[in-house]
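Peer 1: Quick one, input_29.txt (compact mmCIF, C-alpha atoms):
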```txt
# COMPACT_ATOMS: atom_id res chain seq x y z
CA MET A 1 35.35 9.29 -36.90
CA LEU A 2 37.36 11.44 -34.51
CA ARG A 3 34.29 13.52 -33.72
CA ALA A 4 32.26 10.39 -33.02
CA MET A 5 34.92 9.18 -30.59
CA ARG A 6 34.99 12.57 -28.89
CA ASN A 7 31.17 12.55 -28.59
CA ASP A 8 31.32 9.06 -27.15
CA ARG A 9 33.84 10.12 -24.51
CA LEU A 10 31.74 13.16 -23.66
CA LEU A 11 28.68 10.94 -23.26
CA VAL A 12 30.59 8.58 -20.97
CA ALA A 13 31.95 11.49 -18.91
CA LEU A 14 28.44 12.90 -18.55
CA ALA A 15 27.08 9.49 -17.53
CA VAL A 16 29.78 9.08 -14.86
CA LEU A 17 29.18 12.60 -13.58
CA ALA A 18 25.41 12.05 -13.48
CA GLY A 19 25.96 8.73 -11.71
CA ILE A 20 28.09 10.35 -8.99
CA VAL A 21 25.64 13.24 -8.52
CA LEU A 22 22.65 10.88 -8.32
CA ILE A 23 24.31 8.63 -5.76
CA VAL A 24 25.21 11.67 -3.64
CA ILE A 25 21.56 12.77 -3.92
CA ALA A 26 20.48 9.28 -2.84
CA ILE A 27 22.70 9.48 0.26
CA VAL A 28 21.30 12.94 1.10
CA TYR A 29 17.76 11.54 0.88
CA TRP A 30 18.65 8.63 3.16
CA VAL A 31 20.53 10.69 5.73
CA GLU A 32 18.57 13.93 5.93
CA PRO A 33 14.95 14.32 7.07
CA ALA A 34 12.51 16.14 4.73
CA ARG A 35 12.93 19.44 6.62
CA SER A 36 16.71 19.47 6.07
CA LEU A 37 16.62 18.67 2.35
CA PRO A 38 17.62 21.53 0.01
CA GLY A 39 14.55 23.52 -1.03
CA PHE A 40 14.80 22.45 -4.69
CA PHE A 41 14.73 18.71 -3.83
CA PRO A 42 11.38 17.00 -4.44
CA GLY A 43 10.02 16.01 -1.03
CA HIS A 44 11.39 19.01 0.88
CA GLU A 45 8.91 19.84 3.64
CA ALA A 46 9.49 22.39 6.37
CA GLY A 47 9.17 20.88 9.84
CA SER A 48 8.89 17.27 8.67
CA GLY A 49 11.10 14.59 10.20
CA HIS A 50 10.17 12.04 7.54
CA HIS A 51 13.00 10.39 5.60
CA HIS A 52 12.27 10.01 1.88
CA ALA A 53 13.95 6.62 1.58
CA LYS A 54 12.08 5.78 -1.64
CA HIS A 55 13.29 8.95 -3.36
CA GLY A 56 16.79 7.88 -2.34
CA ILE A 57 16.35 4.42 -3.82
CA ALA A 58 15.04 5.92 -7.08
CA ALA A 59 18.06 8.26 -7.34
CA PHE A 60 20.45 5.40 -6.49
CA VAL A 61 18.98 3.10 -9.16
CA ILE A 62 19.19 5.76 -11.87
CA GLY A 63 22.77 6.57 -10.76
CA LEU A 64 23.70 2.92 -10.98
CA GLY A 65 22.11 2.82 -14.45
CA CYS A 66 24.38 5.70 -15.51
CA PHE A 67 27.47 3.77 -14.35
CA VAL A 68 26.36 0.61 -16.17
CA PHE A 69 25.83 2.67 -19.33
CA ALA A 70 29.34 4.16 -19.04
CA TRP A 71 30.79 0.69 -18.35
CA PHE A 72 29.29 -0.76 -21.54
CA ARG A 73 30.16 2.30 -23.63
CA THR A 74 33.85 2.10 -22.68
CA GLY A 75 34.08 -1.62 -23.44
CA PRO A 76 36.19 -3.06 -26.27
CA LYS A 77 34.63 -2.53 -29.70
CA ARG A 78 33.43 -5.93 -30.87
CA PRO A 79 30.51 -7.05 -32.99
CA MET A 80 28.10 -7.14 -30.07
CA THR A 81 24.55 -5.96 -29.50
CA THR A 82 24.24 -2.32 -28.50
CA ALA A 83 24.25 -1.93 -24.73
CA PRO A 84 20.87 -1.20 -23.12
CA MET B 85 -7.82 -7.49 19.51
CA ILE B 86 -9.65 -5.18 17.13
CA LEU B 87 -7.04 -5.87 14.45
CA ALA B 88 -7.42 -9.61 14.86
CA ALA B 89 -11.17 -9.21 14.51
CA LEU B 90 -10.76 -7.28 11.26
CA ILE B 91 -8.59 -9.95 9.64
CA SER B 92 -9.64 -13.16 11.34
CA TYR B 93 -7.84 -16.39 10.47
CA PRO B 94 -10.61 -17.60 8.12
CA ARG B 95 -10.52 -14.23 6.33
CA ALA B 96 -6.73 -14.40 6.16
CA ILE B 97 -7.01 -17.81 4.48
CA VAL B 98 -9.55 -16.55 1.93
CA LEU B 99 -7.54 -13.40 1.17
CA GLY B 100 -4.29 -15.38 0.95
CA LEU B 101 -5.74 -17.94 -1.45
CA LEU B 102 -7.22 -15.13 -3.54
CA GLN B 103 -3.97 -13.14 -3.58
CA GLY B 104 -1.89 -16.07 -4.84
CA VAL B 105 -4.22 -16.71 -7.75
CA SER B 106 -5.12 -13.16 -8.70
CA GLU B 107 -1.53 -11.83 -8.53
CA LEU B 108 -0.49 -14.09 -11.40
CA PHE B 109 -3.76 -14.43 -13.31
CA PRO B 110 -4.21 -11.26 -15.39
CA VAL B 111 -7.17 -10.13 -13.30
CA SER B 112 -5.72 -7.62 -10.76
CA SER B 113 -4.96 -8.93 -7.29
CA LEU B 114 -5.23 -5.47 -5.74
CA GLY B 115 -8.61 -4.94 -7.39
CA HIS B 116 -9.88 -8.26 -6.06
CA SER B 117 -8.53 -7.63 -2.57
CA VAL B 118 -10.47 -4.33 -2.56
CA ILE B 119 -13.68 -5.61 -4.16
CA LEU B 120 -14.09 -8.94 -2.37
CA PRO B 121 -14.10 -7.57 1.22
CA ARG B 122 -16.70 -5.00 0.16
CA LEU B 123 -18.89 -7.70 -1.48
CA LEU B 124 -18.64 -9.87 1.62
CA GLY B 125 -19.29 -6.93 3.93
CA TRP B 126 -15.89 -7.16 5.63
CA ASN B 127 -14.73 -3.98 7.29
CA ILE B 128 -11.36 -3.92 5.51
CA HIS B 129 -10.00 -0.89 3.74
CA GLN B 130 -7.04 -1.25 1.39
CA ASN B 131 -5.19 1.73 2.86
CA ASP B 132 -5.51 0.51 6.47
CA LYS B 133 -2.04 -0.09 7.87
CA TYR B 134 -2.76 -3.60 9.10
CA PHE B 135 -4.16 -4.60 5.69
CA VAL B 136 -1.13 -3.19 3.87
CA THR B 137 1.05 -5.18 6.29
CA PHE B 138 -0.96 -8.31 5.54
CA LEU B 139 -0.55 -7.75 1.79
CA VAL B 140 3.22 -7.34 2.21
CA ALA B 141 3.44 -10.90 3.55
CA THR B 142 1.29 -12.38 0.80
CA HIS B 143 3.19 -10.50 -1.92
CA LEU B 144 6.52 -11.66 -0.53
CA ALA B 145 5.26 -15.24 -0.58
CA THR B 146 4.18 -14.87 -4.21
CA ALA B 147 7.57 -13.43 -5.20
CA ILE B 148 9.41 -16.28 -3.45
CA VAL B 149 7.25 -18.86 -5.23
CA LEU B 150 7.90 -17.20 -8.61
CA PHE B 151 11.63 -17.13 -7.89
CA ILE B 152 11.66 -20.81 -6.95
CA PHE B 153 9.52 -21.77 -9.95
CA PHE B 154 11.92 -20.08 -12.36
CA TRP B 155 15.02 -20.83 -10.25
CA ARG B 156 17.04 -22.47 -13.02
CA ASP B 157 16.12 -19.69 -15.45
CA TRP B 158 17.22 -17.04 -12.94
CA VAL B 159 20.57 -18.78 -12.48
CA ARG B 160 21.13 -18.77 -16.26
CA ILE B 161 19.96 -15.16 -16.57
CA LEU B 162 22.21 -13.97 -13.72
CA LYS B 163 25.17 -15.79 -15.25
CA GLY B 164 24.36 -14.13 -18.58
CA LEU B 165 24.28 -10.71 -16.90
CA GLY B 166 27.64 -11.46 -15.29
CA ARG B 167 29.13 -12.48 -18.66
CA SER B 168 27.92 -9.32 -20.37
CA LEU B 169 29.30 -7.11 -17.59
CA ARG B 170 32.64 -8.92 -17.80
CA ASP B 171 32.74 -8.61 -21.61
CA ARG B 172 31.31 -5.07 -21.54
CA GLY B 173 28.83 -5.98 -24.25
CA ILE B 174 26.09 -8.42 -25.12
CA ASP B 175 27.01 -11.24 -27.44
CA PRO B 176 24.17 -11.59 -30.00
CA ALA B 177 24.25 -15.36 -29.42
CA ASP B 178 23.92 -14.96 -25.64
CA SER B 179 20.14 -14.96 -25.18
CA ASP B 180 20.45 -15.23 -21.39
CA ALA B 181 22.42 -11.98 -21.21
CA LYS B 182 20.00 -10.19 -23.56
CA LEU B 183 16.98 -11.49 -21.61
CA GLY B 184 18.62 -10.40 -18.34
CA TRP B 185 19.14 -6.85 -19.57
CA LEU B 186 15.64 -6.76 -21.05
CA LEU B 187 14.36 -7.60 -17.57
CA VAL B 188 16.56 -4.91 -16.00
CA VAL B 189 15.45 -2.32 -18.55
CA GLY B 190 11.81 -3.32 -18.04
CA THR B 191 12.05 -3.28 -14.26
CA ILE B 192 13.55 0.20 -13.87
CA PRO B 193 10.60 2.30 -15.13
CA ALA B 194 8.06 0.19 -13.25
CA GLY B 195 10.16 0.35 -10.08
CA LEU B 196 10.67 4.11 -10.29
CA LEU B 197 7.00 4.81 -11.00
CA GLY B 198 6.04 2.46 -8.18
CA LEU B 199 8.38 4.16 -5.72
CA LEU B 200 7.17 7.64 -6.59
CA LEU B 201 3.45 7.15 -7.32
CA GLU B 202 2.25 4.13 -5.35
CA GLN B 203 1.01 6.01 -2.27
CA LYS B 204 -0.71 8.75 -4.29
CA LEU B 205 -2.48 6.35 -6.67
CA ARG B 206 -3.57 4.07 -3.86
CA SER B 207 -5.09 6.96 -1.96
CA ALA B 208 -6.76 8.39 -5.05
CA PHE B 209 -8.36 5.11 -6.14
CA ALA B 210 -8.94 3.37 -2.84
CA SER B 211 -12.65 2.61 -3.19
CA ALA B 212 -14.21 -0.66 -4.29
CA GLN B 213 -16.34 1.29 -6.80
CA SER B 214 -13.32 2.64 -8.64
CA ALA B 215 -11.62 -0.78 -8.50
CA ALA B 216 -14.71 -2.34 -10.16
CA ILE B 217 -14.67 0.28 -12.92
CA PHE B 218 -10.95 -0.27 -13.53
CA LEU B 219 -11.47 -4.04 -13.54
CA THR B 220 -13.95 -3.53 -16.39
CA LEU B 221 -11.38 -1.42 -18.23
CA ASN B 222 -8.75 -4.10 -17.56
CA GLY B 223 -10.97 -6.55 -19.43
CA LEU B 224 -11.12 -4.17 -22.39
CA LEU B 225 -7.33 -3.71 -22.31
CA LEU B 226 -6.72 -7.46 -22.34
CA TYR B 227 -9.07 -7.88 -25.27
CA ALA B 228 -7.47 -4.95 -27.09
CA ALA B 229 -4.04 -6.55 -26.61
CA GLU B 230 -5.30 -9.74 -28.26
CA LEU B 231 -6.73 -7.71 -31.16
CA LEU B 232 -3.57 -5.64 -31.63
CA ARG B 233 -1.15 -8.51 -31.22
CA ARG B 234 1.44 -9.20 -33.84
CA ARG B 235 1.50 -12.88 -34.66
CA ALA B 236 4.76 -14.41 -33.54
CA PRO B 237 6.28 -16.53 -36.29
CA LEU B 238 7.03 -20.08 -35.26
CA ALA B 239 10.74 -20.69 -34.90
CA ASP B 240 12.74 -23.67 -33.82
CA GLU B 241 14.42 -22.17 -30.76
CA ASP B 242 13.84 -22.16 -27.03
CA ASP B 243 11.51 -19.70 -25.29
CA ASP B 244 14.17 -17.39 -23.87
CA ALA B 245 16.04 -17.17 -27.18
CA ARG B 246 12.77 -16.24 -28.88
CA ILE B 247 11.96 -13.58 -26.27
CA ALA B 248 15.50 -12.16 -26.52
CA ARG B 249 15.29 -12.04 -30.30
CA ARG B 250 11.78 -10.60 -30.60
CA LEU B 251 11.91 -7.93 -27.90
CA THR B 252 13.69 -4.65 -28.53
CA TRP B 253 15.04 -2.42 -25.74
CA ARG B 254 12.28 0.07 -26.46
CA ALA B 255 9.63 -2.64 -26.20
CA ALA B 256 11.09 -3.77 -22.85
CA VAL B 257 10.92 -0.19 -21.52
CA GLY B 258 7.35 0.08 -22.80
CA ILE B 259 6.28 -3.20 -21.20
CA GLY B 260 7.98 -2.19 -17.94
CA THR B 261 6.24 1.16 -17.97
CA VAL B 262 2.75 -0.23 -18.60
CA GLN B 263 3.36 -2.50 -15.62
CA ALA B 264 2.96 0.59 -13.45
CA ILE B 265 -0.73 0.73 -14.39
CA ALA B 266 -1.20 -2.05 -11.82
CA LEU B 267 -0.64 0.55 -9.09
CA ILE B 268 -4.28 1.43 -9.73
CA PRO B 269 -6.50 -1.22 -8.09
CA GLY B 270 -8.43 -2.98 -10.86
CA PHE B 271 -5.68 -3.03 -13.45
CA SER B 272 -3.53 -6.14 -13.60
CA ARG B 273 0.27 -6.10 -13.65
CA SER B 274 0.57 -9.48 -15.33
CA GLY B 275 -2.23 -8.54 -17.74
CA ALA B 276 -0.44 -5.34 -18.72
CA THR B 277 2.90 -7.09 -19.26
CA MET B 278 1.38 -10.02 -21.13
CA GLY B 279 -0.60 -7.60 -23.30
CA GLY B 280 2.54 -5.56 -23.93
CA GLY B 281 4.42 -8.71 -24.87
CA LEU B 282 1.72 -9.71 -27.36
CA VAL B 283 1.72 -6.27 -28.97
CA ALA B 284 5.53 -6.45 -29.18
CA GLY B 285 5.25 -9.71 -31.10
CA LEU B 286 5.61 -12.45 -28.48
CA SER B 287 3.41 -15.54 -28.37
CA ASN B 288 1.00 -15.95 -25.44
CA LYS B 289 3.32 -18.44 -23.78
CA ASN B 290 6.42 -16.28 -24.16
CA ALA B 291 4.53 -13.14 -23.12
CA ALA B 292 3.41 -14.95 -19.96
CA ARG B 293 6.94 -16.19 -19.29
CA PHE B 294 8.39 -12.69 -19.71
CA ALA B 295 5.60 -11.25 -17.51
CA PHE B 296 6.36 -13.68 -14.67
CA LEU B 297 10.11 -13.10 -14.88
CA LEU B 298 9.52 -9.34 -14.92
CA ALA B 299 7.10 -9.55 -11.99
CA THR B 300 9.50 -11.37 -9.66
CA PRO B 301 11.94 -8.53 -8.84
CA ILE B 302 9.19 -5.91 -8.72
CA ILE B 303 6.86 -7.83 -6.39
CA GLY B 304 9.80 -9.01 -4.28
CA ALA B 305 11.40 -5.57 -3.97
CA ALA B 306 8.07 -3.89 -3.15
CA ALA B 307 7.44 -6.46 -0.42
CA ILE B 308 10.98 -6.27 1.00
CA LEU B 309 10.77 -2.46 1.14
CA LYS B 310 7.70 -2.74 3.33
CA LEU B 311 8.94 -5.66 5.40
CA PRO B 312 9.86 -3.39 8.35
CA GLU B 313 6.14 -2.61 8.69
CA LEU B 314 5.38 -6.31 9.10
CA PHE B 315 7.94 -6.67 11.89
CA GLY B 316 7.31 -3.23 13.34
CA HIS B 317 4.42 -1.72 15.24
CA ALA B 318 2.06 -1.93 12.23
CA GLY B 319 2.37 -5.71 12.29
CA ASP B 320 1.10 -6.06 15.87
CA GLY B 321 -1.98 -8.27 15.97
CA VAL B 322 -1.79 -9.25 12.31
CA ARG B 323 1.46 -11.25 12.04
CA GLY B 324 -0.16 -14.64 12.64
CA GLN B 325 -2.85 -13.94 10.07
CA ALA B 326 -0.20 -12.62 7.67
CA LEU B 327 1.81 -15.82 8.03
CA ILE B 328 -1.24 -18.01 7.34
CA GLY B 329 -2.24 -15.75 4.44
CA ALA B 330 1.30 -15.93 3.04
CA LEU B 331 1.32 -19.74 3.16
CA CYS B 332 -2.05 -19.90 1.40
CA SER B 333 -0.87 -17.34 -1.12
CA ALA B 334 2.31 -19.34 -1.79
CA GLY B 335 0.29 -22.51 -2.43
CA THR B 336 -2.13 -20.94 -4.89
CA ALA B 337 0.61 -18.88 -6.57
CA PHE B 338 2.53 -22.08 -7.32
CA LEU B 339 -0.55 -23.77 -8.75
CA ALA B 340 -1.45 -20.62 -10.69
CA VAL B 341 1.93 -20.20 -12.39
CA ARG B 342 2.08 -23.90 -13.27
CA PHE B 343 -1.43 -23.77 -14.69
CA LEU B 344 -0.86 -20.54 -16.63
CA MET B 345 2.38 -21.70 -18.25
CA ARG B 346 0.49 -24.66 -19.67
CA PHE B 347 -2.68 -22.68 -20.41
CA PHE B 348 -0.88 -20.11 -22.56
CA GLU B 349 0.78 -22.78 -24.68
CA THR B 350 -2.49 -23.02 -26.58
CA ARG B 351 -4.85 -20.36 -25.27
CA THR B 352 -5.18 -16.58 -25.21
CA LEU B 353 -6.03 -13.72 -22.83
CA THR B 354 -9.63 -13.58 -24.09
CA PRO B 355 -11.24 -15.66 -21.28
CA PHE B 356 -9.62 -13.37 -18.69
CA ALA B 357 -10.77 -10.32 -20.65
CA ILE B 358 -14.34 -11.61 -20.59
CA TYR B 359 -14.12 -12.38 -16.87
CA CYS B 360 -12.70 -8.96 -15.96
CA PHE B 361 -15.20 -7.10 -18.10
CA SER B 362 -18.25 -8.97 -16.84
CA ALA B 363 -17.19 -9.18 -13.18
CA GLY B 364 -16.12 -5.54 -13.16
CA LEU B 365 -19.36 -4.40 -14.79
CA ALA B 366 -21.50 -6.52 -12.45
CA CYS B 367 -19.69 -5.15 -9.38
CA THR B 368 -19.91 -1.57 -10.68
CA ILE B 369 -23.68 -1.92 -11.05
CA TRP B 370 -24.01 -3.71 -7.70
CA PHE B 371 -22.08 -1.03 -5.83
CA ALA B 372 -24.08 1.69 -7.54
CA VAL B 373 -27.45 0.25 -6.56
CA SER B 374 -26.59 -1.17 -3.13
```
Represent the structure of the file as structure tokens.

Peer 2:
Amino acid sequence: MLRAMRNDRLLVALAVLAGIVLIVIAIVYWVEPARSLPGFFPGHEAGSGHHHAKHGIAAFVIGLGCFVFAWFRTGPKRPMTTAP
Amino acid sequence: MILAALISYPRAIVLGLLQGVSELFPVSSLGHSVILPRLLGWNIHQNDKYFVTFLVATHLATAIVLFIFFWRDWVRILKGLGRSLRDRGIDPADSDAKLGWLLVVGTIPAGLLGLLLEQKLRSAFASAQSAAIFLTLNGLLLYAAELLRRRAPLADEDDDARIARRLTWRAAVGIGTVQAIALIPGFSRSGATMGGGLVAGLSNKNAARFAFLLATPIIGAAAILKLPELFGHAGDGVRGQALIGALCSAGTAFLAVRFLMRFFETRTLTPFAIYCFSAGLACTIWFAVS
């Protein structure tokens, strides 16, 4: 029981962390042109001034999904359907 | 002037009328908008900027019509989503909340795949020949969905409650993911989602209802993302035609969704499967010999 609660908290912490990281990544995609993106980012292209807005939206949506997951997971325990 | 000549007003009307119908009928709007100009000898290529701009307007019109058609349902669904967020859980009796999250869960994979793959798939399968081949395959997919369907038991409850009860989260993700197949011209988004709904155990009517609800945010978001192109440089010379096309598209989309919601009360995807297979095959042969 205690272990399950600890695992649940760990999962929530990871989801919040992933959410923050993904939203930061989204902002980087929106602000920086392709040439200024870190080399390990998908879409990095030397000399390109193109902004990968769509990559940013994708990262933002997944980040938001992580926050929603954490929000449901930390809700009061009631006989409700499992969160998505 | 050259742009106006490529999409003249009569052509804009034809393409708009076609878009409104084919976006919601499970027959691939993108496939038809690639094949028809080629059959009629129009010098329109689906990756041309002005054509993409034109399609943005017609897609936006379709999404607005869908939103208006299901307006009351969307209000209920959004309220349900709000309730579940407030309560931090989904009440099993709250079918609006469950349906809302099923739509969210189904939209995310399709949206992500669309964002990341749309350009590449469009470029790879831009020709009318490939669209005709995929239209044939779309017919086979629709027929396969009817064969593989799990019969939905009749229950005395409303449509949304039935959808919420029958669909699992995994099924919603699956249906959302197969939606992305429509990025390939020739495959139908509504066909894929309706087929997915049937395989997951929905009736034809409920599968169509879920497909239209699922299509609204995706079509709308895709159009809104590209709206700057319509009002930017790419829209020069095509805005008037786009407006006319959008109005035509809105009219036929409204008639199409009204017709289909009644049609699927008693009928199946089979007539559309036959149409896609035969039209796709005929066009494939025609393009090969001409």

Peer 1: Taking all atoms listed in the file into account, which residues of chain B are within 12 Å of chain A, as an mmCIF file with C-alpha atoms, in the frame of the given file?

Peer 2:
```cif
data_model
loop_
_atom_site.group_PDB
_atom_site.id
_atom_site.type_symbol
_atom_site.label_atom_id
_atom_site.label_comp_id
_atom_site.auth_asym_id
_atom_site.auth_seq_id
_atom_site.Cartn_x
_atom_site.Cartn_y
_atom_site.Cartn_z
ATOM 1 C CA LEU B 165 24.280 -10.710 -16.900
ATOM 2 C CA SER B 168 27.920 -9.320 -20.370
ATOM 3 C CA LEU B 169 29.300 -7.110 -17.590
ATOM 4 C CA ARG B 170 32.640 -8.920 -17.800
ATOM 5 C CA ASP B 171 32.740 -8.610 -21.610
ATOM 6 C CA ARG B 172 31.310 -5.070 -21.540
ATOM 7 C CA GLY B 173 28.830 -5.980 -24.250
ATOM 8 C CA ILE B 174 26.090 -8.420 -25.120
ATOM 9 C CA ASP B 175 27.010 -11.240 -27.440
ATOM 10 C CA PRO B 176 24.170 -11.590 -30.000
ATOM 11 C CA ALA B 177 24.250 -15.360 -29.420
ATOM 12 C CA ASP B 178 23.920 -14.960 -25.640
ATOM 13 C CA SER B 179 20.140 -14.960 -25.180
ATOM 14 C CA ALA B 181 22.420 -11.980 -21.210
ATOM 15 C CA LYS B 182 20.000 -10.190 -23.560
ATOM 16 C CA LEU B 183 16.980 -11.490 -21.610
ATOM 17 C CA GLY B 184 18.620 -10.400 -18.340
ATOM 18 C CA TRP B 185 19.140 -6.850 -19.570
ATOM 19 C CA LEU B 186 15.640 -6.760 -21.050
ATOM 20 C CA LEU B 187 14.360 -7.600 -17.570
ATOM 21 C CA VAL B 188 16.560 -4.910 -16.000
ATOM 22 C CA VAL B 189 15.450 -2.320 -18.550
ATOM 23 C CA GLY B 190 11.810 -3.320 -18.040
ATOM 24 C CA THR B 191 12.050 -3.280 -14.260
ATOM 25 C CA ILE B 192 13.550 0.200 -13.870
ATOM 26 C CA PRO B 193 10.600 2.300 -15.130
ATOM 27 C CA ALA B 194 8.060 0.190 -13.250
ATOM 28 C CA GLY B 195 10.160 0.350 -10.080
ATOM 29 C CA LEU B 196 10.670 4.110 -10.290
ATOM 30 C CA LEU B 197 7.000 4.810 -11.000
ATOM 31 C CA GLY B 198 6.040 2.460 -8.180
ATOM 32 C CA LEU B 199 8.380 4.160 -5.720
ATOM 33 C CA LEU B 200 7.170 7.640 -6.590
ATOM 34 C CA LEU B 201 3.450 7.150 -7.320
ATOM 35 C CA GLU B 202 2.250 4.130 -5.350
ATOM 36 C CA GLN B 203 1.010 6.010 -2.270
ATOM 37 C CA ALA B 248 15.500 -12.160 -26.520
ATOM 38 C CA ARG B 249 15.290 -12.040 -30.300
ATOM 39 C CA THR B 252 13.690 -4.650 -28.530
ATOM 40 C CA TRP B 253 15.040 -2.420 -25.740
ATOM 41 C CA ARG B 254 12.280 0.070 -26.460
ATOM 42 C CA ALA B 255 9.630 -2.640 -26.200
ATOM 43 C CA ALA B 256 11.090 -3.770 -22.850
ATOM 44 C CA VAL B 257 10.920 -0.190 -21.520
ATOM 45 C CA ALA B 305 11.400 -5.570 -3.970
ATOM 46 C CA ALA B 306 8.070 -3.890 -3.150
ATOM 47 C CA LEU B 309 10.770 -2.460 1.140
ATOM 48 C CA LYS B 310 7.700 -2.740 3.330
#
```

Peer 1: As an exercise, work out the distance from CA of Glu107 (chain B) to CA of Arg250 (chain B) in Å and give it to one decimal place.

Peer 2: 25.8 Å

Peer 1: His52 (chain A): which residues within 10 Å, counting all atoms listed in the file, same-chain residues fewer than 5 positions away excluded, as a PyMOL selection string?

Peer 2: chain A and resi 26+28-34+37+42-44+57

Peer 1: Might you pull out every residue within 12 Å of Arg156 (chain B), with all atoms listed in the file counted and same-chain residues fewer than 6 positions away left off, and present them as an NGL selection string?

Peer 2: :B and (150 or 162-163 or 180 or 297)

Peer 1: Select, from A:Arg35, A:Phe40, A:Ser48, A:Leu64, the residue with the minimum atom-to-atom distance to Ile20 (chain A), counting only C-alpha atoms.

Peer 2: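 Of A:Arg35, A:Phe40, A:Ser48, A:Leu64, the one nearest Ile20 (chain A) is A:Leu64, counting only C-alpha atoms.
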
Peer 1: Provide the CA of Ala291 (chain B) to CA of Gly279 (chain B) distance in Å, to one decimal place.

Peer 2: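 Between CA of Ala291 (chain B) and CA of Gly279 (chain B) the gap is 7.6 Å.
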
Peer 1: Could you tell me how far CA of Thr142 (chain B) lies from CA of Leu219 (chain B), in Å and to one decimal?

Peer 2: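 Atom-to-atom, CA of Thr142 (chain B) and CA of Leu219 (chain B) are spaced 20.9 Å apart.
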
Peer 1: Here is a test: counting only C-alpha atoms, which residue of B:Ala245, B:Ser333, B:Leu114, B:Ser274 is nearest to Ala215 (chain B)?

Peer 2: B:Leu114

Peer 1: With N, CA and C atoms as the atom set, please write region 205-219 of chain B from the structure just given, as a compact mmCIF listing (two decimals), in the first residue's frame.

Peer 2:
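File produced: decode30.txt:
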```
# COMPACT_ATOMS: atom_id res chain seq x y z
N LEU B 205 4.35 13.55 -46.04
CA LEU B 205 3.44 12.62 -46.72
C LEU B 205 2.81 13.26 -47.95
N ARG B 206 2.49 14.54 -47.83
CA ARG B 206 1.90 15.24 -48.97
C ARG B 206 2.86 15.29 -50.15
N SER B 207 4.13 15.55 -49.84
CA SER B 207 5.12 15.62 -50.91
C SER B 207 5.34 14.24 -51.52
N ALA B 208 5.35 13.22 -50.65
CA ALA B 208 5.65 11.87 -51.14
C ALA B 208 4.52 11.31 -52.01
N PHE B 209 3.28 11.66 -51.68
CA PHE B 209 2.15 11.08 -52.41
C PHE B 209 1.31 12.18 -53.07
N ALA B 210 1.99 13.05 -53.80
CA ALA B 210 1.28 14.21 -54.34
C ALA B 210 0.54 13.92 -55.64
N SER B 211 0.87 12.82 -56.33
CA SER B 211 0.33 12.63 -57.67
C SER B 211 -1.09 12.07 -57.65
N ALA B 212 -1.80 12.35 -58.75
CA ALA B 212 -3.17 11.84 -58.90
C ALA B 212 -3.16 10.32 -59.00
N GLN B 213 -2.09 9.76 -59.61
CA GLN B 213 -2.00 8.30 -59.74
C GLN B 213 -1.98 7.64 -58.36
N SER B 214 -1.13 8.15 -57.48
CA SER B 214 -1.05 7.53 -56.15
C SER B 214 -2.35 7.73 -55.39
N ALA B 215 -2.98 8.91 -55.57
CA ALA B 215 -4.25 9.16 -54.88
C ALA B 215 -5.32 8.15 -55.34
N ALA B 216 -5.31 7.83 -56.65
CA ALA B 216 -6.29 6.87 -57.18
C ALA B 216 -6.05 5.49 -56.59
N ILE B 217 -4.78 5.11 -56.48
CA ILE B 217 -4.46 3.79 -55.90
C ILE B 217 -4.92 3.75 -54.43
N PHE B 218 -4.63 4.82 -53.69
CA PHE B 218 -5.01 4.84 -52.27
C PHE B 218 -6.53 4.92 -52.09
N LEU B 219 -7.21 5.53 -53.07
CA LEU B 219 -8.68 5.56 -53.00
C LEU B 219 -9.23 4.14 -53.12
```
